[in-house]
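Peer 1: I'm passing along protein_14.cif; it holds mmCIF, C-alpha atoms.
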```
data_upload
loop_
_atom_site.label_atom_id
_atom_site.label_comp_id
_atom_site.auth_asym_id
_atom_site.auth_seq_id
_atom_site.Cartn_x
_atom_site.Cartn_y
_atom_site.Cartn_z
CA MET A 1 -7.83 -16.33 143.86
CA ASN A 2 -5.62 -17.96 141.22
CA ARG A 3 -1.87 -17.73 141.36
CA VAL A 4 -1.81 -16.11 137.90
CA ASP A 5 -4.08 -13.28 139.07
CA LEU A 6 -1.90 -12.50 142.10
CA LYS A 7 0.55 -9.65 141.78
CA LEU A 8 3.94 -11.08 142.61
CA TRP A 9 7.45 -9.76 142.05
CA THR A 10 10.87 -11.33 141.62
CA LEU A 11 14.35 -10.04 142.40
CA ILE A 12 16.66 -10.76 139.43
CA LYS A 13 20.28 -10.11 138.54
CA ILE A 14 21.11 -9.05 134.97
CA LEU A 15 24.27 -10.98 134.18
CA ASP A 16 25.36 -8.71 131.31
CA THR A 17 25.50 -5.62 133.52
CA GLY A 18 25.68 -7.16 137.01
CA GLU A 19 22.77 -5.01 138.21
CA TYR A 20 19.84 -6.10 140.41
CA ASP A 21 16.26 -5.21 139.62
CA ALA A 22 12.73 -5.86 140.94
CA VAL A 23 10.40 -7.04 138.17
CA PRO A 24 6.90 -8.57 138.13
CA ASN A 25 6.54 -12.30 137.61
CA VAL A 26 4.58 -11.67 134.42
CA TRP A 27 7.72 -10.23 132.81
CA ILE A 28 9.66 -13.51 133.27
CA THR A 29 9.13 -16.25 130.69
CA ASP A 30 9.40 -20.01 131.08
CA LYS A 31 12.84 -19.87 129.45
CA LYS A 32 14.16 -17.76 132.33
CA GLU A 33 14.20 -14.68 130.14
CA CYS A 34 12.89 -11.27 131.22
CA TYR A 35 10.91 -8.71 129.24
CA TYR A 36 11.86 -5.15 130.16
CA PRO A 37 10.90 -1.64 128.91
CA ASP A 38 13.66 -0.16 126.78
CA PRO A 39 15.63 1.99 129.29
CA ASP A 40 16.98 4.19 126.48
CA LYS A 41 13.47 5.24 125.43
CA THR A 42 11.58 4.99 128.75
CA SER A 43 12.18 7.02 131.88
CA THR A 44 12.94 5.40 135.25
CA GLN A 45 9.68 6.67 136.75
CA ILE A 46 7.59 5.03 134.03
CA ILE A 47 9.50 1.74 134.40
CA GLU A 48 8.88 1.75 138.18
CA SER A 49 5.18 2.53 137.63
CA LEU A 50 4.82 -0.31 135.11
CA ALA A 51 6.60 -2.72 137.49
CA ALA A 52 4.49 -1.68 140.49
CA LYS A 53 1.25 -2.20 138.50
CA CYS A 54 2.45 -5.54 137.07
CA VAL A 55 1.64 -4.40 133.54
CA LYS A 56 2.01 -7.23 131.06
CA PRO A 57 4.59 -6.80 128.28
CA HIS A 58 3.50 -5.39 124.90
CA THR A 59 0.19 -4.12 126.28
CA THR A 60 1.32 -0.48 126.23
CA ASP A 61 2.84 1.87 123.68
CA HIS A 62 6.31 1.52 125.20
CA GLU A 63 9.03 -0.46 123.48
CA TRP A 64 10.20 -3.66 125.18
CA ILE A 65 13.48 -5.57 125.11
CA VAL A 66 14.44 -9.03 126.35
CA TYR A 67 17.20 -9.84 128.84
CA LYS A 68 18.24 -13.40 128.00
CA LYS A 69 20.89 -13.82 130.69
CA ILE A 70 19.35 -13.34 134.12
CA GLU A 71 19.65 -14.96 137.55
CA ILE A 72 16.63 -15.24 139.83
CA VAL A 73 17.75 -14.22 143.32
CA GLN A 74 14.39 -14.39 145.13
CA SER A 75 10.86 -14.83 143.78
CA ASP A 76 7.22 -14.52 144.78
CA TYR A 77 7.34 -11.22 146.69
CA THR A 78 3.86 -10.14 147.71
CA LYS A 79 4.91 -6.49 148.14
CA PHE A 80 6.78 -4.46 145.58
CA SER A 81 8.33 -2.28 148.30
CA VAL A 82 9.89 -5.32 150.00
CA CYS A 83 11.32 -6.50 146.67
CA CYS A 84 12.82 -3.04 146.04
CA GLY A 85 14.31 -3.08 149.55
CA ASP A 86 16.03 -6.40 148.87
CA MET A 87 17.30 -4.97 145.58
CA VAL A 88 18.99 -2.15 147.48
CA ARG A 89 20.45 -4.64 149.99
CA LYS A 90 21.91 -6.83 147.24
CA THR A 91 23.33 -3.77 145.50
CA LYS A 92 25.17 -2.95 148.76
CA ASP A 93 26.31 -6.61 149.13
CA LYS A 94 24.03 -7.19 152.10
CA ARG A 95 21.77 -10.11 152.91
CA LEU A 96 18.10 -10.22 152.06
CA ALA A 97 15.50 -9.27 154.63
CA GLU A 98 14.26 -12.85 154.90
CA GLU A 99 17.79 -14.23 155.32
CA SER A 100 18.60 -11.71 158.04
CA ALA A 101 15.36 -12.56 159.86
CA GLU A 102 16.14 -16.27 159.71
CA GLU A 103 19.65 -15.63 160.97
CA ILE A 104 18.30 -13.66 163.94
CA ALA A 105 15.85 -16.46 164.74
CA LEU A 106 18.64 -19.06 164.45
CA LYS A 107 20.80 -17.07 166.86
CA LYS A 108 17.96 -16.96 169.36
CA ARG A 109 17.55 -20.72 169.09
CA ARG A 110 21.26 -21.26 169.63
CA ILE A 111 21.19 -19.06 172.73
CA SER A 112 18.24 -20.98 174.16
CA LYS A 113 19.96 -24.32 173.44
CA THR A 114 23.16 -23.22 175.16
CA ALA A 115 21.16 -22.02 178.15
CA SER A 116 19.29 -25.33 178.43
CA ALA A 117 22.51 -27.32 177.98
CA SER A 118 24.21 -25.42 180.78
CA ALA A 119 21.38 -26.36 183.18
CA VAL A 120 21.98 -29.69 185.12
CA PRO A 121 19.24 -32.29 184.52
CA SER A 122 17.39 -33.67 187.52
CA SER A 123 18.36 -37.28 186.69
CA GLN A 124 22.01 -36.52 187.30
CA LEU A 125 21.41 -35.15 190.77
CA LYS A 126 22.26 -37.70 193.55
CA PRO A 127 19.76 -37.96 196.35
CA GLN A 128 20.99 -37.35 199.84
CA THR A 129 21.21 -40.54 201.87
CA THR A 130 20.24 -40.06 205.46
CA THR A 131 19.18 -42.47 208.09
CA ASN A 132 15.90 -40.69 208.67
CA GLN A 133 14.46 -40.13 205.17
CA GLN A 134 11.74 -37.52 205.14
CA PRO A 135 9.64 -36.43 202.12
CA GLN A 136 10.76 -33.27 200.43
CA THR A 137 8.47 -30.30 200.97
CA THR A 138 8.50 -26.88 199.39
CA PRO A 139 8.04 -23.81 201.51
CA LEU A 140 4.80 -21.89 201.34
CA LYS A 141 6.50 -18.75 199.99
CA THR A 142 7.80 -20.51 196.90
CA ILE A 143 4.41 -22.03 196.25
CA HIS A 144 2.77 -18.60 196.29
CA LYS A 145 5.45 -17.21 193.97
CA SER A 146 4.95 -20.00 191.46
CA LYS A 147 1.21 -19.45 191.51
CA LYS A 148 1.65 -15.75 190.79
CA LYS A 149 3.98 -16.45 187.87
CA THR A 150 1.67 -18.99 186.33
CA SER A 151 -1.27 -16.62 186.62
CA LYS A 152 0.56 -13.91 184.61
CA SER A 153 1.59 -16.24 181.75
CA PRO A 154 -0.73 -16.07 178.66
CA PRO A 155 -2.91 -19.06 177.81
CA PRO A 156 -1.58 -21.43 175.17
CA ALA A 157 -2.61 -20.62 171.62
CA SER A 158 -4.87 -23.16 170.02
CA SER A 159 -3.99 -24.66 166.71
CA ASN A 160 -7.45 -23.90 165.31
CA PHE A 161 -7.26 -20.15 166.09
CA ILE A 162 -7.35 -19.04 162.42
CA SER A 163 -9.95 -21.02 160.57
CA GLY A 164 -13.05 -20.52 158.52
CA SER A 165 -15.45 -21.44 161.30
CA ALA A 166 -17.22 -18.75 163.24
CA ASN A 167 -16.78 -20.60 166.53
CA ASN A 168 -13.02 -19.98 166.63
CA SER A 169 -13.29 -16.28 165.53
CA PHE A 170 -13.10 -13.39 167.99
CA GLU A 171 -14.16 -9.78 168.24
CA GLY A 172 -11.13 -7.56 168.79
CA GLY A 173 -12.53 -4.06 168.17
CA GLU A 174 -11.70 -3.08 171.73
CA LEU A 175 -8.02 -3.97 171.22
CA CYS A 176 -7.55 -1.58 168.22
CA PRO A 177 -5.39 1.44 169.25
CA CYS A 178 -6.68 3.70 166.44
CA LYS A 179 -9.84 5.74 166.30
CA LYS A 180 -12.76 4.12 164.54
CA ASP A 181 -13.47 7.18 162.36
CA SER A 182 -9.88 7.41 161.09
CA HIS A 183 -9.68 4.02 159.34
CA GLU A 184 -11.47 0.86 158.38
CA CYS A 185 -10.91 -1.37 161.37
CA CYS A 186 -10.00 -5.00 160.63
CA CYS A 187 -10.48 -6.09 164.22
CA ALA A 188 -14.23 -5.49 164.08
CA GLU A 189 -14.70 -8.53 161.81
CA PRO A 190 -14.06 -12.18 162.65
CA THR A 191 -10.40 -13.06 162.07
CA THR A 192 -10.65 -15.50 159.18
CA LEU A 193 -8.45 -16.16 156.16
CA GLU A 194 -10.96 -14.51 153.85
CA ASN A 195 -11.00 -11.29 155.90
CA ILE A 196 -7.19 -11.19 156.08
CA ALA A 197 -6.93 -11.62 152.29
CA LYS A 198 -9.55 -8.92 151.72
CA ASN A 199 -7.73 -6.44 153.99
CA GLN A 200 -4.43 -7.26 152.27
CA CYS A 201 -5.97 -6.41 148.90
CA LEU A 202 -7.30 -3.11 150.26
CA LEU A 203 -3.86 -2.17 151.59
CA SER A 204 -2.16 -2.99 148.29
CA ARG A 205 -4.72 -0.95 146.35
CA ARG A 206 -4.12 2.06 148.59
CA LEU A 207 -0.40 1.62 148.19
CA PHE A 208 -0.70 1.68 144.39
CA LYS A 209 -2.93 4.74 144.50
CA SER A 210 -0.45 6.59 146.68
CA GLU A 211 2.39 5.63 144.35
CA GLU A 212 0.43 6.85 141.33
CA LYS A 213 -0.36 10.14 143.05
CA SER A 214 3.27 10.62 144.02
CA ALA A 215 4.37 9.90 140.45
CA LYS A 216 1.87 12.43 139.08
CA ARG A 217 2.95 15.04 141.60
CA HIS A 218 6.58 14.42 140.75
CA SER A 219 5.90 14.87 137.02
CA GLU A 220 3.95 18.07 137.70
CA ILE A 221 6.78 19.44 139.83
CA VAL A 222 9.28 18.63 137.08
CA LYS A 223 7.11 20.47 134.53
CA ILE A 224 6.86 23.52 136.79
CA ILE A 225 10.62 23.57 137.32
CA ASP A 226 11.24 23.28 133.56
CA ALA A 227 8.81 26.13 132.87
CA GLN A 228 10.53 28.32 135.47
CA LYS A 229 13.92 27.56 133.90
CA GLN A 230 12.61 28.56 130.47
CA VAL A 231 11.21 31.80 131.87
CA THR A 232 14.48 32.66 133.60
CA ASN A 233 16.46 31.86 130.45
CA THR A 234 14.23 34.09 128.31
CA THR A 235 14.35 36.95 130.81
CA GLU A 236 18.14 36.71 131.06
CA SER A 237 18.51 36.71 127.28
CA ALA A 238 16.15 39.71 127.00
CA ALA A 239 17.88 41.57 129.83
CA THR A 240 21.34 41.22 128.28
CA PRO A 241 21.17 42.68 124.75
CA VAL A 242 23.73 41.55 122.21
CA ILE A 243 26.32 44.30 121.60
CA GLU A 244 27.52 44.37 118.03
CA PRO A 245 31.18 45.14 117.36
CA ARG A 246 32.03 48.66 116.33
CA ARG A 247 32.38 49.43 112.64
CA ILE A 248 35.95 49.60 111.34
CA ILE A 249 36.70 52.66 109.20
CA LYS A 250 39.15 51.87 106.40
CA LYS A 251 41.22 54.57 104.78
CA GLU A 252 40.60 53.20 101.29
CA ASP A 253 36.85 53.68 101.81
CA VAL A 254 37.18 57.45 102.41
CA ASP A 255 36.40 59.35 99.18
CA ALA A 256 35.94 63.10 99.57
CA SER A 257 34.57 63.41 96.03
CA LEU A 258 31.36 61.73 97.17
CA LEU A 259 30.51 64.83 99.23
CA ASN A 260 30.37 67.12 96.15
CA ASP A 261 26.65 66.45 95.69
CA PHE A 262 25.75 66.90 99.35
CA PRO A 263 23.60 68.26 100.80
CA LEU A 264 21.11 67.17 98.14
CA THR A 265 18.83 69.99 96.95
CA LYS A 266 17.33 68.45 93.81
CA SER A 267 14.85 65.62 93.46
CA LYS A 268 16.82 64.04 90.64
CA LYS A 269 19.95 63.77 92.78
CA ILE A 270 17.95 62.29 95.67
CA ARG A 271 16.60 59.56 93.36
CA GLU A 272 20.06 58.83 91.94
CA TRP A 273 21.74 58.54 95.34
CA ASN A 274 18.89 56.40 96.68
CA GLU A 275 19.64 53.87 93.91
CA ARG A 276 23.41 54.10 94.43
CA LEU A 277 23.12 53.46 98.17
CA LYS A 278 21.49 50.09 97.50
CA SER A 279 25.04 48.92 96.83
CA GLN A 280 26.70 48.00 100.12
CA GLU A 281 30.13 49.09 98.89
CA THR A 282 28.88 52.61 98.04
CA ALA A 283 27.05 52.83 101.39
CA ASP A 284 30.20 51.84 103.31
CA LYS A 285 32.25 54.46 101.46
CA LEU A 286 29.72 57.22 102.15
CA ILE A 287 29.56 56.26 105.85
CA ALA A 288 33.35 56.29 106.18
CA THR A 289 33.62 59.63 104.33
CA ILE A 290 30.98 61.41 106.45
CA ILE A 291 32.54 60.10 109.70
CA THR A 292 36.01 61.24 108.59
CA GLU A 293 35.18 64.54 106.89
CA LYS A 294 31.86 65.89 108.25
CA VAL A 295 30.46 64.38 111.45
CA THR A 296 33.76 63.63 113.17
CA LYS A 297 32.46 63.79 116.78
CA LYS A 298 29.37 62.62 118.54
CA SER A 299 26.82 64.96 120.11
CA LEU A 300 25.52 64.72 123.64
CA TYR A 301 22.62 62.48 122.60
CA PRO A 302 22.19 60.05 119.68
CA ASN A 303 19.20 62.06 118.40
CA PHE A 304 21.37 65.17 118.02
CA THR A 305 24.00 63.19 116.13
CA GLY A 306 21.30 61.88 113.79
CA ARG A 307 20.13 65.43 113.08
CA ASN A 308 23.67 66.50 112.25
CA VAL A 309 23.99 63.65 109.77
CA ILE A 310 20.65 64.34 108.05
CA SER A 311 21.58 68.02 107.64
CA VAL A 312 24.67 66.83 105.75
CA LEU A 313 22.64 64.54 103.47
CA ILE A 314 19.45 66.55 102.74
CA GLY A 315 19.36 70.25 102.03
CA ALA A 316 17.06 72.49 104.03
CA GLU A 317 15.24 73.44 100.78
CA LYS A 318 14.01 69.84 100.44
CA ALA A 319 12.93 69.35 104.08
CA GLY A 320 9.36 70.33 103.21
CA PHE A 321 9.03 67.43 100.75
CA PHE A 322 9.35 64.74 103.45
CA THR A 323 7.77 63.46 106.61
CA TRP A 324 8.98 60.36 108.38
CA ASP A 325 6.01 58.11 107.53
CA GLY A 326 4.52 60.08 104.60
CA LYS A 327 1.72 61.83 106.53
CA PRO A 328 0.49 65.00 104.80
CA ARG A 329 1.41 68.40 106.24
CA ASN A 330 -1.06 71.27 105.74
CA LYS A 331 -3.17 68.90 103.56
CA ILE A 332 -0.24 68.44 101.17
CA LYS A 333 1.07 64.92 100.49
CA LYS A 334 4.64 64.21 101.54
CA PHE A 335 7.11 61.45 100.68
CA PRO A 336 7.97 58.94 103.47
CA PHE A 337 11.64 59.29 104.35
CA LYS A 338 11.70 55.83 105.97
CA LYS A 339 11.49 54.22 102.53
CA LEU A 340 14.79 55.77 101.42
CA GLN A 341 18.26 54.26 101.93
CA PHE A 342 19.48 57.37 103.75
CA TYR A 343 18.07 56.22 107.09
CA GLN A 344 20.49 53.25 107.21
CA ILE A 345 23.38 55.65 106.62
CA ILE A 346 22.22 57.84 109.52
CA LEU A 347 21.70 54.84 111.81
CA GLU A 348 25.14 53.34 111.14
CA ILE A 349 26.90 56.66 111.79
CA VAL A 350 24.99 57.14 115.06
CA LYS A 351 25.86 53.59 116.16
CA TYR A 352 29.53 54.20 115.39
CA HIS A 353 29.80 57.41 117.43
CA HIS A 354 27.75 56.16 120.43
CA HIS A 355 29.14 52.63 120.64
CA PRO A 356 28.58 50.55 122.82
CA THR A 357 25.45 52.38 124.03
CA PRO A 358 22.32 50.74 122.51
CA ILE A 359 20.39 53.06 120.20
CA ASP A 360 16.67 53.62 120.72
CA GLU A 361 15.55 53.65 117.09
CA ALA A 362 12.02 54.78 117.96
CA ASN A 363 13.35 58.02 119.52
CA LEU A 364 15.77 58.49 116.62
CA LYS A 365 12.97 58.17 114.04
CA TYR A 366 10.79 60.60 115.98
CA SER A 367 13.65 63.12 116.16
CA LEU A 368 14.27 62.90 112.39
CA GLY A 369 10.56 63.50 111.73
CA GLN A 370 10.70 66.57 113.97
CA TRP A 371 13.73 67.83 112.01
CA PHE A 372 11.75 67.78 108.75
CA SER A 373 8.80 69.71 110.19
CA GLN A 374 10.95 72.27 112.03
CA THR A 375 13.26 72.89 109.09
CA ALA A 376 10.29 73.26 106.72
CA ASN A 377 8.71 75.86 109.02
CA LYS A 378 11.98 77.81 109.18
CA MET A 379 12.27 77.83 105.38
CA GLU A 380 8.69 79.08 104.99
CA LYS A 381 9.40 81.96 107.37
CA LEU A 382 12.58 82.86 105.48
CA LEU A 383 10.73 82.87 102.16
CA SER A 384 8.00 85.17 103.54
CA GLN A 385 10.59 87.56 104.97
CA THR A 386 12.58 87.76 101.72
CA SER A 387 9.41 88.45 99.69
CA VAL A 388 8.50 91.34 102.00
CA THR A 389 12.00 92.87 101.85
CA VAL A 390 12.03 92.68 98.03
CA ASP A 391 8.69 94.46 97.78
CA SER A 392 9.78 97.18 100.18
CA SER A 393 13.02 97.80 98.26
CA GLN A 394 11.12 98.19 94.96
CA SER A 395 8.93 101.02 96.37
CA GLU A 396 10.45 104.52 95.60
CA ILE A 397 11.08 107.03 98.38
CA PRO A 398 10.70 110.69 97.21
CA SER A 399 13.58 113.16 97.79
CA SER A 400 13.39 116.48 99.65
CA GLU A 401 13.36 118.62 96.43
CA GLU A 402 10.50 116.63 94.95
CA SER A 403 8.59 116.98 98.17
CA ASP A 404 9.09 120.75 98.14
CA ALA A 405 7.98 120.96 94.56
CA GLY A 406 4.90 118.96 95.39
CA GLU A 407 4.03 121.29 98.19
CA ASN A 408 4.26 124.27 95.85
CA GLN A 409 2.07 122.57 93.25
CA ASN A 410 -0.55 121.53 95.84
CA PRO A 411 -1.29 124.45 98.06
CA ASP A 412 -4.38 122.73 99.46
CA PRO A 413 -3.21 120.46 102.34
CA GLU A 414 -6.47 118.51 102.44
CA ASN A 415 -6.27 117.51 98.77
CA GLU A 416 -2.63 116.63 99.22
CA ASN A 417 -3.36 114.27 102.13
CA ALA A 418 -6.16 112.58 100.21
CA GLU A 419 -3.90 111.98 97.22
CA ASN A 420 -1.11 110.55 99.44
CA THR A 421 -3.56 108.26 101.17
CA GLY A 422 -4.80 106.91 97.83
CA ASN A 423 -1.26 106.30 96.62
CA ASP A 424 -0.30 104.41 99.81
CA ASP A 425 -3.33 102.12 99.50
CA ALA A 426 -2.52 101.33 95.91
CA GLN A 427 1.10 100.57 96.79
CA LEU A 428 0.08 98.14 99.62
CA ASN A 429 -2.34 96.33 97.32
CA GLN A 430 0.39 95.93 94.72
CA ASN A 431 2.83 94.53 97.33
CA ALA A 432 0.26 92.03 98.59
CA GLU A 433 -0.42 90.81 95.03
CA ASN A 434 3.31 90.38 94.34
CA THR A 435 3.81 88.42 97.57
CA ALA A 436 0.86 86.12 96.84
CA ASN A 437 2.15 85.50 93.31
CA ASP A 438 5.62 84.60 94.65
CA VAL A 439 4.21 82.17 97.24
CA ASP A 440 1.93 80.54 94.61
CA ALA A 441 4.85 80.10 92.25
CA GLN A 442 7.00 78.55 94.98
CA LEU A 443 4.22 76.15 96.02
CA ASN A 444 3.58 75.12 92.42
CA GLN A 445 7.28 74.49 91.89
CA SER A 446 7.54 72.45 95.14
CA SER A 447 4.50 70.31 94.23
CA ALA A 448 5.94 69.66 90.75
CA GLU A 449 9.29 68.55 92.22
CA HIS A 450 7.44 66.43 94.77
CA ASP A 451 5.58 64.63 91.94
CA ASP A 452 8.90 64.06 90.18
CA LEU A 453 10.34 62.52 93.34
CA HIS A 454 7.39 60.12 93.61
#
```
Could the structure of this file be written out as structure tokens, please?
Peer 2:
Amino acid sequence: MNRVDLKLWTLIKILDTGEYDAVPNVWITDKKECYYPDPDKTSTQIIESLAAKCVKPHTTDHEWIVYKKIEIVQSDYTKFSVCCGDMVRKTKDKRLAEESAEEIALKKRRISKTASASAVPSSQLKPQTTTNQQPQTTPLKTIHKSKKKTSKSPPPASSNFISGSANNSFEGGELCPCKKDSHECCCAEPTTLENIAKNQCLLSRRLFKSEEKSAKRHSEIVKIIDAQKQVTNTTESAATPVIEPRRIIKKEDVDASLLNDFPLTKSKKIREWNERLKSQETADKLIATIITEKVTKKSLYPNFTGRNVISVLIGAEKAGFFTWDGKPRNKIKKFPFKKLQFYQIILEIVKYHHHPTPIDEANLKYSLGQWFSQTANKMEKLLSQTSVTVDSSQSEIPSSEESDAGENQNPDPENENAENTGNDDAQLNQNAENTANDVDAQLNQSSAEHDDLH
């Protein structure tokens, strides 16, 4: 494996900012300059992912910058995690992991040297001079103890333990503490440099895969959190409706002369006022005048207040010409009231009286449509009743003298009853014809005015 193909990392210090960072070796040029993704246009997660994968500069869609003033603290890290750990240590003004390990080893060496120096060498010991010199002998107990200690000590490691030859390899599957089904055991193969390098590559690949998965999961979690925030913001905005300020009634806008034409009972006046109300100034004056002079108090419900206002604007005689959306009534075409400017007048007056309660416009429109149909039915009943009373008043009632004279002239009671019955039938037929003619004339007049309004 070439050195260029290896994934190595370097710990650098950016002199302009004084910050430490872990970057791949491929980002550092021969001039001791460092390519780096633009931090203003690239997120920290993407920069870490690019550094962990050792992506070469200008091979992606991200924008790159160059740090010209850098200091190489430590190079040729074989693990990105170790390089990041040293970056954190340097940020906290601590020593690197390698330096701390060397310092611990140096301390151990110093302790062992001091211990050996404190021991007295055998050359400095003076032999005991006695007249009868006997050879020194060690007791049997100490000999047995020394044999036990030497038996427990491990055999010396050979210098050719790790090599490419199969003779010096060993099978260590029995020494592995993990289950065979849970991992790919490295001890089952001969311990050679090639096998160690292969296993190192497998571990690094798994590390990168886990980092990629964690980055993806993190991005998905961030998206879910953002979506939840948007949903909560929309629900909060929908749950809290915006309350408009209440209309201010000015005294100079009140003009009682505007009410001379109301309620409107002619189609020509309805057309004229519909054009006049397109001017906002005229509409404001009419609203202020009705609130001050006519509808001075609110009803129990907004729908009732709207009905009071429409009774001020439109006469009951013209209620039969309208429906809310123009649907025909009794197969007769009607004009849609929603197309006129009067509805805005009604709505503004209702909002003023019931402020700050929000107005349900759908219920208000339905109530106004019901007012037209109910008022039209009442007017039709009144017209039918008046036609009947007029016909009954026109019929003559005979006096008592005339009735006596009639009795004297008609001695036969049977003939008299027959004549009276014929007269009553003729009178009823005449009344029915007069009533039908009156209703036809009224319907013709209403249809003609309706065509004029259209």
Peer 1: Since I can't run it myself right now, could you work out what the PyMOL selection byres ((chain A and resi 321) around 7) selects here and report it as an MDAnalysis selection string?
Peer 2: chainID A and resid 318:320 322 334:335 450
Peer 1: Taking C-alpha atoms for each residue, export the selection above as an mmCIF file, in the coordinates of the input.
Peer 2:
```cif
data_model
loop_
_atom_site.group_PDB
_atom_site.id
_atom_site.type_symbol
_atom_site.label_atom_id
_atom_site.label_comp_id
_atom_site.auth_asym_id
_atom_site.auth_seq_id
_atom_site.Cartn_x
_atom_site.Cartn_y
_atom_site.Cartn_z
ATOM 1 C CA LYS A 318 14.010 69.840 100.440
ATOM 2 C CA ALA A 319 12.930 69.350 104.080
ATOM 3 C CA GLY A 320 9.360 70.330 103.210
ATOM 4 C CA PHE A 322 9.350 64.740 103.450
ATOM 5 C CA LYS A 334 4.640 64.210 101.540
ATOM 6 C CA PHE A 335 7.110 61.450 100.680
ATOM 7 C CA HIS A 450 7.440 66.430 94.770
#
```
Peer 1: Could you list, as a ChimeraX atom specification, every residue within 6 Å of region 38-51 of chain A, counting only C-alpha atoms and ignoring same-chain residues fewer than 6 positions away?
Peer 2: /A:23-24,63-65
Peer 1: Write a file of the just-selected residues containing C-alpha atoms, as a PDB file, in the coordinates of the input.
Peer 2:
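Output file out_17.pdb is given in full below:
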```pdb
ATOM      1  CA  VAL A  23      10.400  -7.040 138.170  1.00  0.00           C
ATOM      2  CA  PRO A  24       6.900  -8.570 138.130  1.00  0.00           C
ATOM      3  CA  GLU A  63       9.030  -0.460 123.480  1.00  0.00           C
ATOM      4  CA  TRP A  64      10.200  -3.660 125.180  1.00  0.00           C
ATOM      5  CA  ILE A  65      13.480  -5.570 125.110  1.00  0.00           C
TER       6      ILE A  65
END
```
Peer 1: Which one is closest to Ala97 (chain A): A:Leu347, A:Glu211, A:Val82, A:His354? Count all atoms listed in the file.
Peer 2: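 When distances to Ala97 (chain A) are compared using all atoms listed in the file, the smallest one comes from A:Val82.
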Peer 1: Going by the chain IDs and residue numbers used in this file, which residues fall under the PyMOL selection byres ((chain A and resi 251-262) around 6)? Write them as a list in words.
Peer 2: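 What the PyMOL selection byres ((chain A and resi 251-262) around 6) grabs from the file is Lys250, Pro263, Leu264, Lys285, Ala288, Thr289 and Leu313 of chain A.
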Peer 1: Given the file above and the PyMOL selection byres ((chain A and resi 25-32) around 9), which residues are selected, and can you give them as a list in words?
Peer 2: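 Applied to this file, the PyMOL selection byres ((chain A and resi 25-32) around 9) returns Val4, Lys7, Leu8, Trp9, Thr10, Val23, Pro24, Glu33, Cys34, Tyr35, Tyr36, Ala51, Cys54, Val55, Lys56, Pro57, Lys68, Lys69, Ile70, Glu71, Ile72, Ser75 and Asp76 of chain A.
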Peer 1: With C-alpha atoms retained, export the selected residues as a PDB file, keeping the file's coordinate frame.
Peer 2:
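result23.pdb written:
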```pdb
ATOM      1  CA  VAL A   4      -1.810 -16.110 137.900  1.00  0.00           C
ATOM      2  CA  LYS A   7       0.550  -9.650 141.780  1.00  0.00           C
ATOM      3  CA  LEU A   8       3.940 -11.080 142.610  1.00  0.00           C
ATOM      4  CA  TRP A   9       7.450  -9.760 142.050  1.00  0.00           C
ATOM      5  CA  THR A  10      10.870 -11.330 141.620  1.00  0.00           C
ATOM      6  CA  VAL A  23      10.400  -7.040 138.170  1.00  0.00           C
ATOM      7  CA  PRO A  24       6.900  -8.570 138.130  1.00  0.00           C
ATOM      8  CA  GLU A  33      14.200 -14.680 130.140  1.00  0.00           C
ATOM      9  CA  CYS A  34      12.890 -11.270 131.220  1.00  0.00           C
ATOM     10  CA  TYR A  35      10.910  -8.710 129.240  1.00  0.00           C
ATOM     11  CA  TYR A  36      11.860  -5.150 130.160  1.00  0.00           C
ATOM     12  CA  ALA A  51       6.600  -2.720 137.490  1.00  0.00           C
ATOM     13  CA  CYS A  54       2.450  -5.540 137.070  1.00  0.00           C
ATOM     14  CA  VAL A  55       1.640  -4.400 133.540  1.00  0.00           C
ATOM     15  CA  LYS A  56       2.010  -7.230 131.060  1.00  0.00           C
ATOM     16  CA  PRO A  57       4.590  -6.800 128.280  1.00  0.00           C
ATOM     17  CA  LYS A  68      18.240 -13.400 128.000  1.00  0.00           C
ATOM     18  CA  LYS A  69      20.890 -13.820 130.690  1.00  0.00           C
ATOM     19  CA  ILE A  70      19.350 -13.340 134.120  1.00  0.00           C
ATOM     20  CA  GLU A  71      19.650 -14.960 137.550  1.00  0.00           C
ATOM     21  CA  ILE A  72      16.630 -15.240 139.830  1.00  0.00           C
ATOM     22  CA  SER A  75      10.860 -14.830 143.780  1.00  0.00           C
ATOM     23  CA  ASP A  76       7.220 -14.520 144.780  1.00  0.00           C
TER      24      ASP A  76
END
```
